[in-house]
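Below is the file final_13.txt, which contains compact mmCIF, C-alpha atoms.
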```txt
# COMPACT_ATOMS: atom_id res chain seq x y z
CA MET U 1494 -49.75 -71.50 17.59
CA LEU U 1495 -50.83 -69.16 14.81
CA LYS U 1496 -52.42 -66.43 16.88
CA LYS U 1497 -49.68 -63.81 16.81
CA ARG U 1498 -49.92 -61.43 13.85
CA GLY U 1499 -47.95 -62.72 10.87
CA ILE U 1500 -45.28 -60.77 9.07
CA LEU U 1501 -45.45 -59.15 5.67
CA LEU U 1502 -42.31 -59.56 3.59
CA VAL U 1503 -41.87 -57.47 0.48
CA LEU U 1504 -39.26 -58.82 -1.95
CA SER U 1505 -38.19 -56.34 -4.56
CA GLY U 1506 -35.21 -55.38 -6.68
CA PRO U 1507 -34.17 -54.85 -10.27
CA SER U 1508 -35.74 -56.79 -13.08
CA GLY U 1509 -33.53 -59.85 -13.67
CA ALA U 1510 -32.28 -60.13 -10.07
CA GLY U 1511 -34.42 -63.23 -9.61
CA LYS U 1512 -36.95 -62.04 -7.05
CA GLY U 1513 -39.71 -64.20 -8.54
CA THR U 1514 -37.70 -67.41 -8.27
CA VAL U 1515 -36.57 -66.62 -4.71
CA THR U 1516 -40.16 -65.84 -3.68
CA ASN U 1517 -41.42 -69.14 -5.08
CA GLU U 1518 -38.68 -71.12 -3.32
CA VAL U 1519 -39.45 -69.43 0.00
CA ARG U 1520 -43.17 -70.14 -0.39
CA LYS U 1521 -42.41 -73.81 -0.99
CA SER U 1522 -40.21 -74.03 2.11
CA SER U 1523 -42.46 -72.42 4.68
CA ASP U 1524 -45.80 -73.61 6.03
CA THR U 1525 -46.58 -70.31 7.76
CA ILE U 1526 -46.93 -68.42 4.48
CA LYS U 1527 -50.27 -67.83 2.75
CA TYR U 1528 -50.50 -66.60 -0.82
CA SER U 1529 -51.98 -63.20 -1.38
CA ILE U 1530 -54.09 -62.87 -4.50
CA SER U 1531 -53.81 -59.81 -6.70
CA ALA U 1532 -56.68 -57.87 -8.17
CA THR U 1533 -56.92 -56.89 -11.83
CA SER U 1534 -59.21 -55.04 -14.16
CA ARG U 1535 -58.36 -57.24 -17.12
CA LYS U 1536 -60.82 -59.88 -18.36
CA PRO U 1537 -60.38 -63.40 -16.92
CA ARG U 1538 -59.07 -66.04 -19.29
CA ILE U 1539 -61.19 -69.15 -19.69
CA ILE U 1540 -59.22 -71.25 -17.19
CA GLU U 1541 -59.02 -68.47 -14.62
CA ARG U 1542 -61.38 -68.25 -11.62
CA ASP U 1543 -62.21 -65.18 -9.58
CA GLY U 1544 -60.44 -65.39 -6.20
CA ARG U 1545 -58.02 -68.04 -7.45
CA GLU U 1546 -55.67 -66.52 -10.05
CA TYR U 1547 -56.94 -62.98 -9.43
CA PHE U 1548 -59.78 -61.00 -8.00
CA PHE U 1549 -61.36 -59.81 -11.23
CA MET U 1550 -63.21 -56.53 -11.32
CA SER U 1551 -64.23 -53.82 -13.76
CA ARG U 1552 -61.98 -50.88 -14.43
CA GLU U 1553 -64.55 -48.69 -12.70
CA THR U 1554 -64.62 -50.79 -9.52
CA PHE U 1555 -60.83 -50.90 -9.51
CA GLU U 1556 -60.63 -47.13 -9.69
CA GLU U 1557 -63.18 -46.74 -6.90
CA LYS U 1558 -61.07 -49.04 -4.72
CA ILE U 1559 -57.96 -47.01 -5.53
CA GLU U 1560 -59.79 -43.89 -4.35
CA ALA U 1561 -60.91 -45.68 -1.19
CA GLY U 1562 -57.31 -46.71 -0.38
CA LYS U 1563 -58.10 -50.40 -0.80
CA PHE U 1564 -54.79 -51.26 -2.46
CA LEU U 1565 -51.39 -51.60 -0.82
CA GLU U 1566 -49.99 -50.86 -4.27
CA TYR U 1567 -51.25 -50.83 -7.82
CA ALA U 1568 -50.01 -50.16 -11.34
CA LEU U 1569 -51.45 -49.65 -14.76
CA VAL U 1570 -49.85 -52.11 -17.19
CA TYR U 1571 -50.81 -51.90 -20.85
CA ASP U 1572 -54.18 -50.36 -20.01
CA ASN U 1573 -55.02 -52.93 -17.30
CA TYR U 1574 -54.82 -52.31 -13.57
CA TYR U 1575 -53.06 -54.75 -11.23
CA GLY U 1576 -52.96 -54.32 -7.49
CA THR U 1577 -52.56 -55.88 -4.05
CA PRO U 1578 -55.80 -55.75 -2.03
CA ARG U 1579 -55.10 -54.38 1.43
CA ASP U 1580 -58.00 -56.16 3.22
CA TYR U 1581 -56.95 -59.56 1.91
CA VAL U 1582 -53.35 -59.16 3.08
CA GLU U 1583 -54.54 -57.81 6.46
CA GLN U 1584 -56.76 -60.87 6.89
CA ILE U 1585 -53.84 -63.26 6.23
CA LEU U 1586 -51.66 -61.44 8.78
CA GLU U 1587 -54.42 -61.27 11.40
CA GLU U 1588 -54.93 -65.03 11.07
CA GLY U 1589 -51.27 -65.37 12.07
CA TYR U 1590 -49.99 -66.37 8.65
CA ASP U 1591 -47.10 -64.66 6.93
CA CYS U 1592 -47.38 -63.06 3.54
CA ILE U 1593 -44.73 -62.53 0.88
CA LEU U 1594 -45.22 -60.07 -1.93
CA GLU U 1595 -42.89 -60.03 -4.91
CA ILE U 1596 -43.19 -56.61 -6.35
CA ASP U 1597 -41.31 -54.07 -8.49
CA PRO U 1598 -39.52 -51.24 -6.65
CA GLN U 1599 -42.24 -48.66 -7.40
CA GLY U 1600 -44.88 -50.93 -5.89
CA ALA U 1601 -42.64 -51.73 -2.92
CA MET U 1602 -42.32 -48.04 -2.08
CA GLN U 1603 -46.10 -47.63 -2.27
CA ILE U 1604 -46.43 -50.41 0.33
CA LYS U 1605 -43.79 -48.82 2.54
CA GLU U 1606 -45.99 -45.78 2.99
CA LYS U 1607 -48.95 -47.89 4.05
CA MET U 1608 -47.61 -50.80 6.11
CA GLN U 1609 -45.40 -49.68 8.97
CA ASP U 1610 -44.53 -53.21 10.05
CA ALA U 1611 -43.73 -54.69 6.63
CA ILE U 1612 -40.18 -55.92 6.03
CA PHE U 1613 -38.47 -54.88 2.83
CA ILE U 1614 -35.86 -57.09 1.20
CA PHE U 1615 -33.87 -55.94 -1.79
CA ILE U 1616 -32.88 -58.83 -4.06
CA ALA U 1617 -29.70 -57.83 -5.87
CA PRO U 1618 -27.91 -59.57 -8.74
CA PRO U 1619 -24.32 -60.71 -8.02
CA SER U 1620 -23.04 -58.03 -10.41
CA MET U 1621 -24.24 -55.63 -13.07
CA GLU U 1622 -22.51 -57.81 -15.65
CA GLU U 1623 -24.48 -60.86 -14.46
CA LEU U 1624 -27.69 -58.82 -14.51
CA CYS U 1625 -26.96 -57.92 -18.12
CA ASN U 1626 -26.31 -61.60 -18.93
CA ARG U 1627 -29.58 -62.67 -17.34
CA LEU U 1628 -31.63 -60.05 -19.16
CA THR U 1629 -29.96 -60.88 -22.47
CA SER U 1630 -30.33 -64.65 -22.11
CA ARG U 1631 -34.08 -64.37 -21.63
CA GLY U 1632 -34.14 -63.55 -25.32
CA THR U 1633 -37.43 -61.73 -24.91
CA GLU U 1634 -36.25 -58.14 -24.67
CA LYS U 1635 -34.78 -55.90 -27.34
CA PRO U 1636 -31.32 -54.36 -26.74
CA GLU U 1637 -32.81 -50.92 -26.03
CA GLU U 1638 -35.20 -52.48 -23.49
CA ILE U 1639 -32.25 -54.20 -21.79
CA ALA U 1640 -30.31 -50.96 -21.67
CA LYS U 1641 -33.32 -49.28 -20.10
CA ARG U 1642 -33.62 -51.98 -17.46
CA LEU U 1643 -29.94 -51.72 -16.57
CA GLY U 1644 -30.37 -47.98 -16.20
CA ASN U 1645 -33.36 -48.58 -13.92
CA ALA U 1646 -31.35 -51.07 -11.88
CA GLU U 1647 -28.71 -48.42 -11.20
CA LYS U 1648 -31.39 -46.04 -9.97
CA GLU U 1649 -32.91 -48.75 -7.79
CA PHE U 1650 -29.57 -49.38 -6.09
CA LYS U 1651 -29.64 -45.77 -4.92
CA ASN U 1652 -32.97 -46.50 -3.24
CA LEU U 1653 -31.35 -49.17 -1.05
CA PRO U 1654 -31.64 -47.20 2.23
CA ASN U 1655 -35.41 -47.70 1.98
CA TYR U 1656 -34.99 -51.45 2.38
CA ASP U 1657 -34.32 -53.33 5.62
CA TYR U 1658 -32.25 -56.14 4.14
CA VAL U 1659 -30.30 -56.85 1.00
CA ILE U 1660 -29.70 -60.32 -0.40
CA ILE U 1661 -27.23 -60.90 -3.20
CA ASN U 1662 -28.84 -63.60 -5.27
CA ASP U 1663 -25.90 -65.61 -6.54
CA LYS U 1664 -27.39 -68.97 -5.51
CA ILE U 1665 -31.14 -69.51 -5.21
CA GLU U 1666 -30.81 -72.01 -2.36
CA LYS U 1667 -28.67 -69.61 -0.32
CA ALA U 1668 -30.95 -66.67 -1.08
CA LYS U 1669 -33.97 -68.73 0.02
CA ASP U 1670 -32.28 -69.71 3.30
CA GLU U 1671 -31.43 -66.07 3.90
CA VAL U 1672 -35.05 -65.00 3.48
CA LEU U 1673 -36.12 -67.75 5.90
CA ALA U 1674 -33.47 -66.59 8.41
CA ILE U 1675 -34.82 -63.04 8.14
CA MET U 1676 -38.34 -64.33 8.82
CA THR U 1677 -37.13 -66.25 11.87
CA ALA U 1678 -35.17 -63.28 13.21
CA GLU U 1679 -38.00 -60.80 12.62
CA LYS U 1680 -40.38 -62.96 14.61
CA LEU U 1681 -37.94 -62.98 17.52
CA LYS U 1682 -37.76 -59.18 17.68
CA THR U 1683 -38.57 -57.92 21.14
CA SER U 1684 -41.08 -55.46 19.73
CA ARG U 1685 -43.15 -58.36 18.36
CA ASN U 1686 -43.08 -60.29 21.63
CA TYR U 1687 -44.16 -58.05 24.46
CA GLU U 1688 -47.48 -59.79 24.83
CA THR U 1689 -46.00 -63.29 25.01
CA MET U 1690 -43.38 -62.15 27.48
CA ASN U 1691 -45.97 -60.51 29.71
CA LEU U 1692 -47.90 -63.75 29.85
CA LEU U 1693 -44.70 -65.64 30.60
CA ASN U 1694 -43.72 -63.31 33.40
CA LYS U 1695 -47.17 -63.64 34.95
CA GLY U 1696 -46.80 -67.42 34.88
CA ALA U 1697 -49.71 -67.76 32.46
CA LEU U 1698 -47.62 -69.89 30.15
CA SER U 1699 -46.57 -72.42 32.75
CA MET V 719 -14.39 -63.05 2.65
CA LEU V 720 -13.78 -61.90 6.23
CA LYS V 721 -13.12 -58.23 5.56
CA LYS V 722 -16.46 -56.74 6.57
CA ARG V 723 -16.69 -55.82 10.26
CA GLY V 724 -18.05 -58.70 12.33
CA ILE V 725 -21.04 -58.48 14.59
CA LEU V 726 -21.11 -58.43 18.37
CA LEU V 727 -23.89 -60.51 19.90
CA VAL V 728 -24.68 -60.09 23.57
CA LEU V 729 -26.68 -62.97 25.06
CA SER V 730 -28.22 -62.19 28.39
CA GLY V 731 -31.21 -63.04 30.53
CA PRO V 732 -32.14 -64.33 33.96
CA SER V 733 -29.93 -66.76 35.81
CA GLY V 734 -31.18 -70.25 34.96
CA ALA V 735 -32.52 -69.37 31.49
CA GLY V 736 -29.66 -71.30 29.91
CA LYS V 737 -27.72 -68.50 28.22
CA GLY V 738 -24.40 -70.26 28.84
CA THR V 739 -25.48 -73.49 27.15
CA VAL V 740 -26.99 -71.63 24.18
CA THR V 741 -23.82 -69.56 23.77
CA ASN V 742 -21.63 -72.68 23.76
CA GLU V 743 -23.83 -74.41 21.19
CA VAL V 744 -23.75 -71.36 18.91
CA ARG V 745 -19.97 -71.13 19.19
CA LYS V 746 -19.66 -74.78 18.17
CA SER V 747 -21.90 -74.28 15.13
CA SER V 748 -20.31 -71.20 13.61
CA ASP V 749 -16.88 -70.78 12.08
CA THR V 750 -17.12 -67.00 11.92
CA ILE V 751 -17.11 -66.59 15.72
CA LYS V 752 -13.96 -65.90 17.70
CA TYR V 753 -13.86 -66.24 21.47
CA SER V 754 -13.29 -63.13 23.47
CA ILE V 755 -11.15 -63.54 26.57
CA SER V 756 -12.11 -61.85 29.81
CA ALA V 757 -9.78 -59.99 32.12
CA THR V 758 -9.61 -60.58 35.86
CA SER V 759 -7.74 -59.33 38.88
CA ARG V 760 -7.76 -62.70 40.60
CA LYS V 761 -4.62 -64.82 40.76
CA PRO V 762 -4.19 -67.43 37.98
CA ARG V 763 -4.60 -71.05 38.96
CA ILE V 764 -1.71 -73.37 38.15
CA ILE V 765 -3.20 -74.69 34.91
CA GLU V 766 -4.27 -71.24 33.70
CA ARG V 767 -2.25 -69.18 31.22
CA ASP V 768 -2.41 -65.44 30.68
CA GLY V 769 -4.25 -64.70 27.43
CA ARG V 770 -5.80 -68.18 27.31
CA GLU V 771 -8.30 -68.55 30.19
CA TYR V 772 -8.07 -64.89 31.15
CA PHE V 773 -5.97 -61.81 30.82
CA PHE V 774 -4.57 -61.69 34.35
CA MET V 775 -3.67 -58.37 35.92
CA SER V 776 -3.27 -56.75 39.30
CA ARG V 777 -6.18 -55.06 40.99
CA GLU V 778 -4.41 -51.75 40.49
CA THR V 779 -3.96 -52.24 36.75
CA PHE V 780 -7.59 -53.37 36.45
CA GLU V 781 -8.79 -50.21 38.16
CA GLU V 782 -6.62 -48.04 35.93
CA LYS V 783 -8.16 -49.71 32.90
CA ILE V 784 -11.66 -49.11 34.28
CA GLU V 785 -10.80 -45.41 34.59
CA ALA V 786 -9.44 -45.36 31.06
CA GLY V 787 -12.65 -46.91 29.69
CA LYS V 788 -10.88 -50.08 28.60
CA PHE V 789 -13.74 -52.42 29.55
CA LEU V 790 -17.02 -52.94 27.74
CA GLU V 791 -18.35 -54.10 31.10
CA TYR V 792 -16.93 -55.20 34.40
CA ALA V 793 -18.07 -56.40 37.80
CA LEU V 794 -16.62 -56.97 41.21
CA VAL V 795 -17.35 -60.54 42.30
CA TYR V 796 -16.25 -61.62 45.78
CA ASP V 797 -13.48 -59.03 45.83
CA ASN V 798 -12.16 -59.90 42.37
CA TYR V 799 -12.74 -57.90 39.20
CA TYR V 800 -13.91 -59.53 35.98
CA GLY V 801 -14.35 -57.61 32.75
CA THR V 802 -14.54 -57.69 28.95
CA PRO V 803 -11.58 -55.87 27.36
CA ARG V 804 -12.82 -53.43 24.75
CA ASP V 805 -9.69 -53.46 22.55
CA TYR V 806 -9.70 -57.24 22.27
CA VAL V 807 -13.34 -57.39 21.16
CA GLU V 808 -12.76 -54.50 18.73
CA GLN V 809 -9.83 -56.37 17.20
CA ILE V 810 -11.95 -59.50 16.64
CA LEU V 811 -14.69 -57.46 14.94
CA GLU V 812 -12.24 -55.49 12.80
CA GLU V 813 -10.71 -58.75 11.57
CA GLY V 814 -14.21 -59.62 10.32
CA TYR V 815 -14.95 -62.26 12.94
CA ASP V 816 -18.10 -62.27 15.03
CA CYS V 817 -18.06 -62.20 18.79
CA ILE V 818 -20.60 -63.56 21.28
CA LEU V 819 -20.62 -62.45 24.87
CA GLU V 820 -22.70 -64.27 27.45
CA ILE V 821 -23.24 -61.80 30.21
CA ASP V 822 -25.60 -61.01 33.08
CA PRO V 823 -28.18 -58.26 32.48
CA GLN V 824 -26.23 -55.58 34.38
CA GLY V 825 -23.17 -56.23 32.22
CA ALA V 826 -25.29 -56.29 29.07
CA MET V 827 -26.64 -52.82 29.81
CA GLN V 828 -23.10 -51.51 30.36
CA ILE V 829 -22.19 -52.77 26.89
CA LYS V 830 -25.30 -51.19 25.39
CA GLU V 831 -24.03 -47.77 26.36
CA LYS V 832 -20.67 -48.37 24.69
CA MET V 833 -21.31 -50.41 21.54
CA GLN V 834 -23.90 -48.87 19.27
CA ASP V 835 -23.83 -51.73 16.77
CA ALA V 836 -24.02 -54.63 19.24
CA ILE V 837 -27.06 -56.92 19.06
CA PHE V 838 -28.80 -57.79 22.30
CA ILE V 839 -30.60 -61.10 22.70
CA PHE V 840 -32.64 -61.87 25.79
CA ILE V 841 -32.68 -65.60 26.58
CA ALA V 842 -35.90 -66.34 28.47
CA PRO V 843 -36.98 -69.49 30.26
CA PRO V 844 -40.16 -71.19 28.91
CA SER V 845 -41.95 -70.18 32.12
CA MET V 846 -41.28 -68.86 35.60
CA GLU V 847 -42.17 -72.28 36.93
CA GLU V 848 -39.56 -73.93 34.72
CA LEU V 849 -37.01 -71.31 35.78
CA CYS V 850 -37.74 -72.22 39.40
CA ASN V 851 -37.30 -75.93 38.56
CA ARG V 852 -33.97 -75.32 36.86
CA LEU V 853 -32.60 -73.23 39.71
CA THR V 854 -33.76 -75.78 42.29
CA SER V 855 -32.42 -78.81 40.43
CA ARG V 856 -28.92 -77.33 40.29
CA GLY V 857 -28.83 -78.14 43.98
CA THR V 858 -26.19 -75.49 44.53
CA GLU V 859 -28.27 -72.58 45.76
CA LYS V 860 -30.14 -72.15 49.02
CA PRO V 861 -33.90 -71.48 48.97
CA GLU V 862 -33.44 -67.79 49.81
CA GLU V 863 -30.90 -67.45 46.98
CA ILE V 864 -33.38 -69.05 44.56
CA ALA V 865 -36.15 -66.72 45.71
CA LYS V 866 -33.80 -63.78 45.14
CA ARG V 867 -32.98 -64.98 41.62
CA LEU V 868 -36.64 -65.37 40.74
CA GLY V 869 -37.26 -61.84 41.98
CA ASN V 870 -34.37 -60.62 39.83
CA ALA V 871 -35.77 -62.50 36.82
CA GLU V 872 -39.05 -60.61 37.15
CA LYS V 873 -37.19 -57.30 37.16
CA GLU V 874 -35.14 -58.35 34.16
CA PHE V 875 -38.29 -59.11 32.15
CA LYS V 876 -39.26 -55.47 32.60
CA ASN V 877 -35.98 -54.52 30.95
CA LEU V 878 -36.94 -56.37 27.77
CA PRO V 879 -37.39 -53.23 25.62
CA ASN V 880 -33.62 -52.72 25.85
CA TYR V 881 -33.04 -55.93 23.92
CA ASP V 882 -33.36 -56.42 20.16
CA TYR V 883 -34.52 -60.03 20.21
CA VAL V 884 -36.01 -62.47 22.67
CA ILE V 885 -35.56 -66.24 22.46
CA ILE V 886 -37.61 -68.57 24.63
CA ASN V 887 -35.20 -71.33 25.49
CA ASP V 888 -37.42 -74.41 25.62
CA LYS V 889 -35.13 -76.51 23.40
CA ILE V 890 -31.40 -75.82 23.13
CA GLU V 891 -31.22 -76.92 19.48
CA LYS V 892 -34.04 -74.56 18.51
CA ALA V 893 -32.59 -71.70 20.55
CA LYS V 894 -29.20 -72.22 18.87
CA ASP V 895 -30.77 -72.17 15.39
CA GLU V 896 -32.60 -68.99 16.29
CA VAL V 897 -29.39 -67.25 17.34
CA LEU V 898 -27.77 -68.36 14.06
CA ALA V 899 -30.77 -67.01 12.10
CA ILE V 900 -30.42 -63.68 13.89
CA MET V 901 -26.72 -63.56 12.96
CA THR V 902 -27.55 -64.31 9.31
CA ALA V 903 -30.32 -61.69 9.22
CA GLU V 904 -28.25 -59.01 10.94
CA LYS V 905 -25.48 -59.44 8.38
CA LEU V 906 -28.00 -58.90 5.58
CA LYS V 907 -29.20 -55.59 7.00
CA THR V 908 -28.97 -52.84 4.44
CA SER V 909 -27.13 -50.61 6.89
CA ARG V 910 -24.28 -53.14 7.05
CA ASN V 911 -24.01 -53.48 3.28
CA TYR V 912 -23.74 -50.06 1.70
CA GLU V 913 -20.09 -50.54 0.86
CA THR V 914 -20.59 -53.90 -0.85
CA MET V 915 -23.56 -52.58 -2.76
CA ASN V 916 -21.65 -49.53 -3.94
CA LEU V 917 -18.93 -51.76 -5.31
CA LEU V 918 -21.54 -53.94 -6.98
CA ASN V 919 -23.27 -51.01 -8.61
CA LYS V 920 -19.95 -49.72 -9.93
CA GLY V 921 -19.28 -53.12 -11.44
CA ALA V 922 -16.23 -53.64 -9.23
CA LEU V 923 -17.53 -57.03 -8.17
CA SER V 924 -18.05 -58.41 -11.63
```

The structure given in the file should be rewritten as structure tokens.
Amino acid sequence: MLKKRGILLVLSGPSGAGKGTVTNEVRKSSDTIKYSISATSRKPRIIERDGREYFFMSRETFEEKIEAGKFLEYALVYDNYYGTPRDYVEQILEEGYDCILEIDPQGAMQIKEKMQDAIFIFIAPPSMEELCNRLTSRGTEKPEEIAKRLGNAEKEFKNLPNYDYVIINDKIEKAKDEVLAIMTAEKLKTSRNYETMNLLNKGALS
Amino acid sequence: MLKKRGILLVLSGPSGAGKGTVTNEVRKSSDTIKYSISATSRKPRIIERDGREYFFMSRETFEEKIEAGKFLEYALVYDNYYGTPRDYVEQILEEGYDCILEIDPQGAMQIKEKMQDAIFIFIAPPSMEELCNRLTSRGTEKPEEIAKRLGNAEKEFKNLPNYDYVIINDKIEKAKDEVLAIMTAEKLKTSRNYETMNLLNKGALS
């Protein structure tokens, strides 16, 4: 069953749109998805294991891998690098599993340049007002930080043509089902099925 | 809710692949789909009403409409014309309803030239052997007719790149769910949602 190359879904969108929650729900509902593990240059915490929470590596190694094009995307966050290892994701897809990455819009656009067959889904909040509510109710960000995020969200909306699909996340359950429908539909695309259909036409499947 | 333009799905594929059954099951499962009514130049039967089973018209009128480009597709079958009226389908889509047409491959390719935003789904049999079984078990076609249909099926497989999706119809229920997933995914495409997203970004939806 799992011989055909899997699909890479990239879920992105403004901070507060709920892309993390949607991603987790989708992962729980699908048995064709394998987790990708990120790499980081920060020190492991005591409970963390290399290759489980993260691939841990020195800052130097991380930068060498950046140079060698080994990351689908990466970012420097408070002096630590975080990135998505290209080889690891490729391996998952080649095994026939699907992969979902939940990533901020900058990272998503880095991936777009590198993975021609990835599918980009923009997770949008139901309204700007609701986005503001969600950011405020977290209680973790200062007003000026919230204002900045709302400003970013407006910019990210303008980047919509770079995404294949847009899901308005008003209900998690609905948003999850929509991602699953996109996965189903993408796998049925003719362009992904020439090989199977050739076999079928030659009677090799009978 | 139903203000956005609906989508036009064209289900096609070899004779015996089960496109009619799949189409009926999809129609039963969706409340956003409106039936399109075909036109014909044959005489109505006693129980048939104009605008219910068919739009009935004279051969002359039908030919005038062909000339005027009023059909998405048409065919001459045993001296009678059958066709899909363009205006009627357009009206359904403009009202925000979806439309599914189940049509032979020649008709499907006529529609492809005329409707840029239609979605083409190829319904394939699980195998050529199974296709042969299905055609034989109908008991209505002669051996030479069956051989001809199998030959046509092989040609139609070669036309696969003209379709957007391919569904292998091994189980009706699964095939139906796959068509519904395609409908869901297509409606989430960014290109179909610029207007909504503009409103959202301007706060008009809040």

List as a PyMOL selection string the protein and nucleic acid residues near Thr1554 in chain U, meaning an atom at most 12 Å away when all atoms listed in the file are counted, but skip any in the same chain fewer than 4 places from it. chain U and resi 1532-1535+1548-1550+1558-1561+1563+1574

Using all atoms listed in the file, which protein or nucleic acid residues come within 7 Å of Pro1619 in chain U? Drop anything in the same chain fewer than 4 positions from it, and give the result as a CSV table (one decimal) with C-alpha atoms, in the frame of the given file.
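And here is the file that came out, out04.csv:
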```csv
chain,number,residue,atom,x,y,z
U,1623,GLU,CA,-24.5,-60.9,-14.5
U,1661,ILE,CA,-27.2,-60.9,-3.2
U,1662,ASN,CA,-28.8,-63.6,-5.3
U,1663,ASP,CA,-25.9,-65.6,-6.5
```

Among listed residues V:Glu778, V:Glu766, V:Glu808, V:Glu863, nearest Leu726 in chain V (using all atoms listed in the file): V:Glu808

Where does chain U meet chain V within 10 Å, residue by residue, with the nearest atom pair and distance in Å to one decimal for each, counting all atoms listed in the file, listed by chain and rising number, as a Markdown table?
```
| residue | atom | partner | partner_atom | distance |
| --- | --- | --- | --- | --- |
| U:Phe1613 | CA | V:Thr908 | CA | 9.8 |
| U:Ile1614 | CA | V:Thr908 | CA | 8.7 |
| U:Phe1615 | CA | V:Thr908 | CA | 8.5 |
| U:Ala1617 | CA | V:Met915 | CA | 8.7 |
| U:Pro1618 | CA | V:Leu918 | CA | 8.7 |
| U:Pro1619 | CA | V:Leu918 | CA | 7.4 |
| U:Ser1620 | CA | V:Ser924 | CA | 5.2 |
| U:Met1621 | CA | V:Gly921 | CA | 5.8 |
| U:Glu1622 | CA | V:Ser924 | CA | 6.0 |
| U:Glu1623 | CA | V:Ser924 | CA | 7.4 |
| U:Ala1646 | CA | V:Asn919 | CA | 8.7 |
| U:Glu1647 | CA | V:Asn919 | CA | 6.6 |
| U:Lys1648 | CA | V:Asn919 | CA | 9.6 |
| U:Glu1649 | CA | V:Asn919 | CA | 9.9 |
| U:Phe1650 | CA | V:Asn919 | CA | 7.0 |
| U:Lys1651 | CA | V:Asn916 | CA | 8.9 |
| U:Leu1653 | CA | V:Thr908 | CA | 7.0 |
| U:Pro1654 | CA | V:Thr908 | CA | 6.6 |
| U:Asn1655 | CA | V:Thr908 | CA | 8.6 |
| U:Tyr1656 | CA | V:Thr908 | CA | 6.5 |
| U:Asp1657 | CA | V:Thr908 | CA | 5.5 |
| U:Tyr1658 | CA | V:Lys907 | CA | 4.2 |
| U:Val1659 | CA | V:Thr908 | CA | 5.4 |
| U:Ile1660 | CA | V:Leu906 | CA | 6.4 |
| U:Ile1661 | CA | V:Leu906 | CA | 9.0 |
| U:Asp1670 | CA | V:Ala899 | CA | 9.3 |
| U:Glu1671 | CA | V:Thr902 | CA | 6.9 |
| U:Val1672 | CA | V:Ala903 | CA | 8.1 |
| U:Leu1673 | CA | V:Ala899 | CA | 8.2 |
| U:Ala1674 | CA | V:Ala899 | CA | 4.6 |
| U:Ile1675 | CA | V:Ala903 | CA | 4.8 |
| U:Met1676 | CA | V:Ala903 | CA | 8.5 |
| U:Thr1677 | CA | V:Ala899 | CA | 6.4 |
| U:Ala1678 | CA | V:Ile900 | CA | 4.8 |
| U:Glu1679 | CA | V:Ile900 | CA | 8.2 |
| U:Lys1680 | CA | V:Tyr883 | CA | 8.6 |
| U:Leu1681 | CA | V:Tyr883 | CA | 5.3 |
| U:Lys1682 | CA | V:Tyr883 | CA | 4.2 |
| U:Thr1683 | CA | V:Tyr883 | CA | 4.7 |
| U:Ser1684 | CA | V:Pro879 | CA | 7.3 |
| U:Arg1685 | CA | V:Tyr883 | CA | 9.0 |
| U:Asn1686 | CA | V:Val884 | CA | 7.5 |
| U:Tyr1687 | CA | V:Leu878 | CA | 8.1 |
| U:Thr1689 | CA | V:Ile886 | CA | 9.9 |
| U:Met1690 | CA | V:Phe875 | CA | 7.5 |
| U:Asn1691 | CA | V:Phe875 | CA | 8.2 |
| U:Leu1692 | CA | V:Ser845 | CA | 9.0 |
| U:Leu1693 | CA | V:Ser845 | CA | 5.5 |
| U:Asn1694 | CA | V:Met846 | CA | 6.4 |
| U:Lys1695 | CA | V:Met846 | CA | 7.9 |
| U:Gly1696 | CA | V:Met846 | CA | 5.7 |
| U:Ala1697 | CA | V:Ser845 | CA | 8.1 |
| U:Leu1698 | CA | V:Ser845 | CA | 6.0 |
| U:Ser1699 | CA | V:Ser845 | CA | 5.2 |
```

Straight-line distance linking CA of Ser756 in chain V with CA of Glu820 in chain V, stated in Å to one decimal: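 These atoms are spaced 11.1 Å apart.
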
Distance CA of Ile890 in chain V-CA of Asp835 in chain V, one decimal place? 26.0 Å

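The smallest atom-to-atom distance between Asp1580 in chain U and any of U:Ser1529, U:Thr1516, U:Ser1522, U:Asn1626, using all atoms listed in the file, is found for U:Ser1529.
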
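Note that the spacing between CA of Glu791 in chain V and CA of Pro803 in chain V amounts to 7.9 Å.
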
Extract, using all atoms listed in the file, all DNA, RNA and protein residues at most 7 Å from Gly731 in chain V, discarding same-chain residues fewer than 3 positions from it, and format them as a list of chain:residue names.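 Counting only the stated atoms, we get V:Ala735, V:Lys737, V:Asp822, V:Pro823, V:Phe840, V:Ile841, V:Ala842.
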
Could you please take those selected residues and save C-alpha atoms as a PDB file, in the frame of the given file?
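Wrote it out as again15.pdb, contents follow:
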```
ATOM      1  CA  ALA V 735     -32.520 -69.370  31.490  1.00  0.00           C
ATOM      2  CA  LYS V 737     -27.720 -68.500  28.220  1.00  0.00           C
ATOM      3  CA  ASP V 822     -25.600 -61.010  33.080  1.00  0.00           C
ATOM      4  CA  PRO V 823     -28.180 -58.260  32.480  1.00  0.00           C
ATOM      5  CA  PHE V 840     -32.640 -61.870  25.790  1.00  0.00           C
ATOM      6  CA  ILE V 841     -32.680 -65.600  26.580  1.00  0.00           C
ATOM      7  CA  ALA V 842     -35.900 -66.340  28.470  1.00  0.00           C
TER       8      ALA V 842
END
```

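Minimum distance to Asp797 in chain V across V:Gly769, V:Ile837, V:Arg777, V:Ser733 (counting only C-alpha atoms) occurs at V:Arg777.
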